[in-house]
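Down below is the structure, laid out as structure tokens.
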Amino acid sequence: MSCAQAAMHDQAADPLLTLRARPRRIALLGNANVGKSVLFGRLTGQYAVVSNYPGTTVSVTKGRLMIGGEVCELVDTPGITALEGALSEDELVARRILDRGEADVVVQVSDARNLRRALMLTSQLASAGRPMVLVLNMADEARAHGTVIDAAGLSARLRVPVVETVATEGRGLAELRAAIGRAAVPAFDEAHRGDHVRLAHDLAVQYRRHRPRSAARVQEHLGRWVREPLTGLPILAFVLYGMYLAVGVFGAQTLVGLLEGGLFEQVVNPGATALVNRVVPWPIARDFLVGEYGLVTMGLTYAIAIVLPVVATFFLVFGFLEDSGYIPRLAIFSDRIFRTMGLNGKAVLPMVLGLGCDTMATMTTRILGTPKERLIAVLLLALGIPCSAQLATILGILGGVSFLALVTLFGVVLLQMFLVGFLAARAIAGERSEFIMELPPLRWPQMGNIVRKTLLRVRWYLGEAVPLFLVGTALLFTLSRLGWMTALTAASEPVVAGLLGLPRDAAEVFVMGFLRRDYGAAGLFQMAKAGALDGVQAVVALTVMTLFVPCVANFLMMVKEQGLKAALGILGIVTVIALGTGAALNAVLRGFHVAF
Amino acid sequence: MSPSEKTRRLSNLGPGVSGRVVRVTRENPDRADRLTALGVTPGATVTVLQRFPGVVFLCDHTELAVEPAVARAIVVDID
């Protein structure tokens with residue numbers, strides 16, 4: 001039966017329904033990290049960000065899917081563990097889709113290795129009374145683990161189509177499309193009604209066989225090395241060092257050198273200046289485009305030549321780590337520390353994601369269990385986690401100063417995060433949730449997915465950050481034209497020069513930093529390159545910049561997730577802490593005559 | 001062996017020991033529900049992989065990491 005026929009069938013049951021007033025809606029539902037987004041991408045040809053850990057999809061994504069000759073709407077949803085009992089925000093979203101009849105067909109995607117868990121959800125889905133298909137994804141990995149499922153038998157018993165797929169390779173998709181047309185409401189024996197656990201257990205025992213396992217030996221060893229402290233911590237150090245080499249040395253030094261020192265200083269900026277001087281008769285407009293605060297000479301140079309190379313290399317390396325399944329394993333090591341901060345090990349996910357982009361990570365705090373945890377995580381992200389763009393400039397500047405400078409910066413920031421987390425855990429009302437976390441399988445990542453994800457993120461960066469860089473540059477230009485920059489510099493001198501011991505000009509960098517931390521950091525990068533900052537000044541300036549709220553976009557996301565009051569509170573607290581820490585650090589470093 | 005010798009808390013098992021889940025204590029219903037949803041239900045096979053710095057165990061083919069308090073709530077019959 002095609003989608004169209006399915007619609008007709010539905011129409012018979014509900015005569016008021018007009019024939020396809022809207023496209024048939026198919027919802028992908030299922031446990032976290034089972035491959036819903038991969039399947040979504042395969043079926044719609046539309047890319048949704050895919051990673052090897054739960055919680056990558058934080059909102060509902062829609063796309064178009066062709067079945068037979070008919071266009072249907074496919075909905076990708078965040079992963080869920082249950083549809084009954086105490087539900088998380090994501091589970092409420094799924095529940096609503098079912099209850100409001102927003103899905104004509106439900107495709108339950110499951111991990112073939114975890115049949116029991118999948119069936120518990122199937123049993124709960126059954127009560128929604130929607131026609132459904134059960135997809136046993138990752139069938140190849142299940143087989144490698146020695147799990148064989150009698151899909152035909154299970155299908156006959158549940159009376160819904162059961163399809164085995166390997167979504168990452170596109171296997172089983174034709175069967176799935178065909179099966180969607182045959183979707184049916186599952187039928188369960190009366191004896192089992194309501195007892196999801198027993199039903200799932202009995203069915204799993206009946207339709208699943210274990211054979212001697214053929215593979216996965218290497219995976220097991222690797223899994224053990226990564227999670228045991230004796231081997232895991234050296235591996236972590238190695239991973240961090242590898243990231244430093246890739247992002248800090250190759251990205252921030254080699255690539256930035258080529259783009260900024262080579263392309264922009266030698267070709268783009270002189271070329272643009274020559275062109276503008278010839279074509280544009282008004283000096284003020286010339287200045288606006290190619291002057292000291294010129295859109296091209298400052299805005300584009302910062303965005304494209306300094307920040308972009310680092311962001312791109314970071315996302316490439318980060319994508320590899322994401323897809324390998326390594327990042328969630330860090331939760332095992334960090335659980336104890338996070339617990340003293342009112343969180344649990346799971347918080348490592350938004351924190352590490354924040355190294356990519358704090359704005360996206362702020363959205364990911366939804367995976368945390370309680371409102372208290374979410375608030376603390378949003379605060380810590382805003383306070384201490386430098387995003388990739390900013391990390392880039394930090395590594396670029398301090399890499400040239402000394403290793404000790406880097407250690408000082410990160411040491412101070414981490415200590416500050418710990419202190420604030422410790423206090424917040426005690427000051428904020430509410431509970432933390434217990435640490436219970438599923439570890440995704442370790443895998444060798446697919447290069448295609450990493451490249452696609454990186455391109456998508458770079459495009460997002462270009463769309464999100466570059467306009468702000470240009471706005472920031474225009475703002476600086478206006479301030480300087482109106483003579484306000486001098487006033488601002490003078491007004492902030494007691495703080496910038498007095499408390500923080502920085503050159504007076506650093507004030508303008510902090511104005512930029514209010515728009516985007518990385519933009520401010522790029523300004524510091526230029527100052528450092530011009531020799532305007534000594535080692536201590538570089539460390540102090542970057543520490544303050546790191547502790548600031550990341551950018552306007554992040555602030556707006558905080559408002560969206562936590563409300564205006566909490567967001568303003570966080571902004572105030574973070575700004576005070578940033579300046580206070582900078583002042584203290586400056587006093588200590590000067591007092592002990594530290595020179596980096 | 002008498003049943004009491006075979007029945008232990010998951011938190012007391014050493015790495016490599018496996019068994020079947022008998023029950024999850026319900027003094028914290030939210031915890032029990034979350035474990036159930038993850039497949040830690042009576043009859044499920046579990047194998048302890050690691051105890052420090054956190055308890056990691058295998059349940060079917062799912063690797064789960066939990067804090068000690070959670071491991072104490074899982075009652076297991078060892079093989």
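Here, A, B, ... name the chains of the structure tokens in the order displayed, residue numbers run from 1 inside each chain, and ligands are numbered from 1 in the same displayed order.
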- Residue hits in chain B, query chain A, radius 8 Å, only C-alpha atoms, as a ChimeraX atom specification: /B:30-31,33-39,41,43,50,52-54,60-67,70
- Message: When you look at stretch 249-264 of chain A with a cut-off of 8 Å (counting only C-alpha atoms), what residues show up, excluding the ones that are within fewer than 2 positions of it in the same chain? I need them as a PyMOL selection string.
- Response: chain A and resi 244-247+266-269+301+305-306+309-310+313-314+392-393+395-396+399
Which of stretch 27-57 of chain B DSSP labels strand (DSSP E), written as a PDB file with N, CA and C atoms, in the first residue's frame:
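Below is the file states-v3.pdb, written as the result:
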ATOM      1  N   THR B  45      20.564  -9.745  31.728  1.00  0.00           N
ATOM      2  CA  THR B  45      21.920 -10.177  32.046  1.00  0.00           C
ATOM      3  C   THR B  45      22.816  -8.951  32.229  1.00  0.00           C
ATOM      4  N   VAL B  46      23.567  -8.912  33.320  1.00  0.00           N
ATOM      5  CA  VAL B  46      24.497  -7.796  33.521  1.00  0.00           C
ATOM      6  C   VAL B  46      25.901  -8.324  33.800  1.00  0.00           C
ATOM      7  N   THR B  47      26.899  -7.587  33.350  1.00  0.00           N
ATOM      8  CA  THR B  47      28.293  -7.912  33.623  1.00  0.00           C
ATOM      9  C   THR B  47      28.990  -6.642  34.086  1.00  0.00           C
ATOM     10  N   VAL B  48      29.651  -6.701  35.242  1.00  0.00           N
ATOM     11  CA  VAL B  48      30.365  -5.522  35.728  1.00  0.00           C
ATOM     12  C   VAL B  48      31.676  -5.385  34.949  1.00  0.00           C
ATOM     13  N   LEU B  49      31.944  -4.184  34.459  1.00  0.00           N
ATOM     14  CA  LEU B  49      33.168  -3.959  33.692  1.00  0.00           C
ATOM     15  C   LEU B  49      34.220  -3.228  34.511  1.00  0.00           C
ATOM     16  N   GLN B  50      33.767  -2.364  35.409  1.00  0.00           N
ATOM     17  CA  GLN B  50      34.699  -1.494  36.107  1.00  0.00           C
ATOM     18  C   GLN B  50      34.027  -0.915  37.336  1.00  0.00           C
ATOM     19  N   VAL B  55      30.999   3.137  38.445  1.00  0.00           N
ATOM     20  CA  VAL B  55      30.628   1.775  38.087  1.00  0.00           C
ATOM     21  C   VAL B  55      30.187   1.754  36.620  1.00  0.00           C
ATOM     22  N   VAL B  56      30.806   0.867  35.842  1.00  0.00           N
ATOM     23  CA  VAL B  56      30.396   0.678  34.451  1.00  0.00           C
ATOM     24  C   VAL B  56      30.001  -0.775  34.303  1.00  0.00           C
ATOM     25  N   PHE B  57      28.815  -1.024  33.740  1.00  0.00           N
ATOM     26  CA  PHE B  57      28.417  -2.406  33.529  1.00  0.00           C
ATOM     27  C   PHE B  57      27.684  -2.566  32.206  1.00  0.00           C
TER      28      PHE B  57
END
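If you count only C-alpha atoms and ignore residues fewer than 2 places along the chain from stretch 18-20 of chain B, what sits within 10 Å of it is Lys6, Thr7, Arg8, Leu10, Leu13, Gly14, Pro15, Gly16, Val22, Arg23, Val40, Thr41, Pro42, Gly43, Ala44, Thr45, Val46, Thr47, Val48, Leu49, Phe57, Leu58, Cys59, Val75, Val76, Asp77, Ile78 and Asp79 of chain B.
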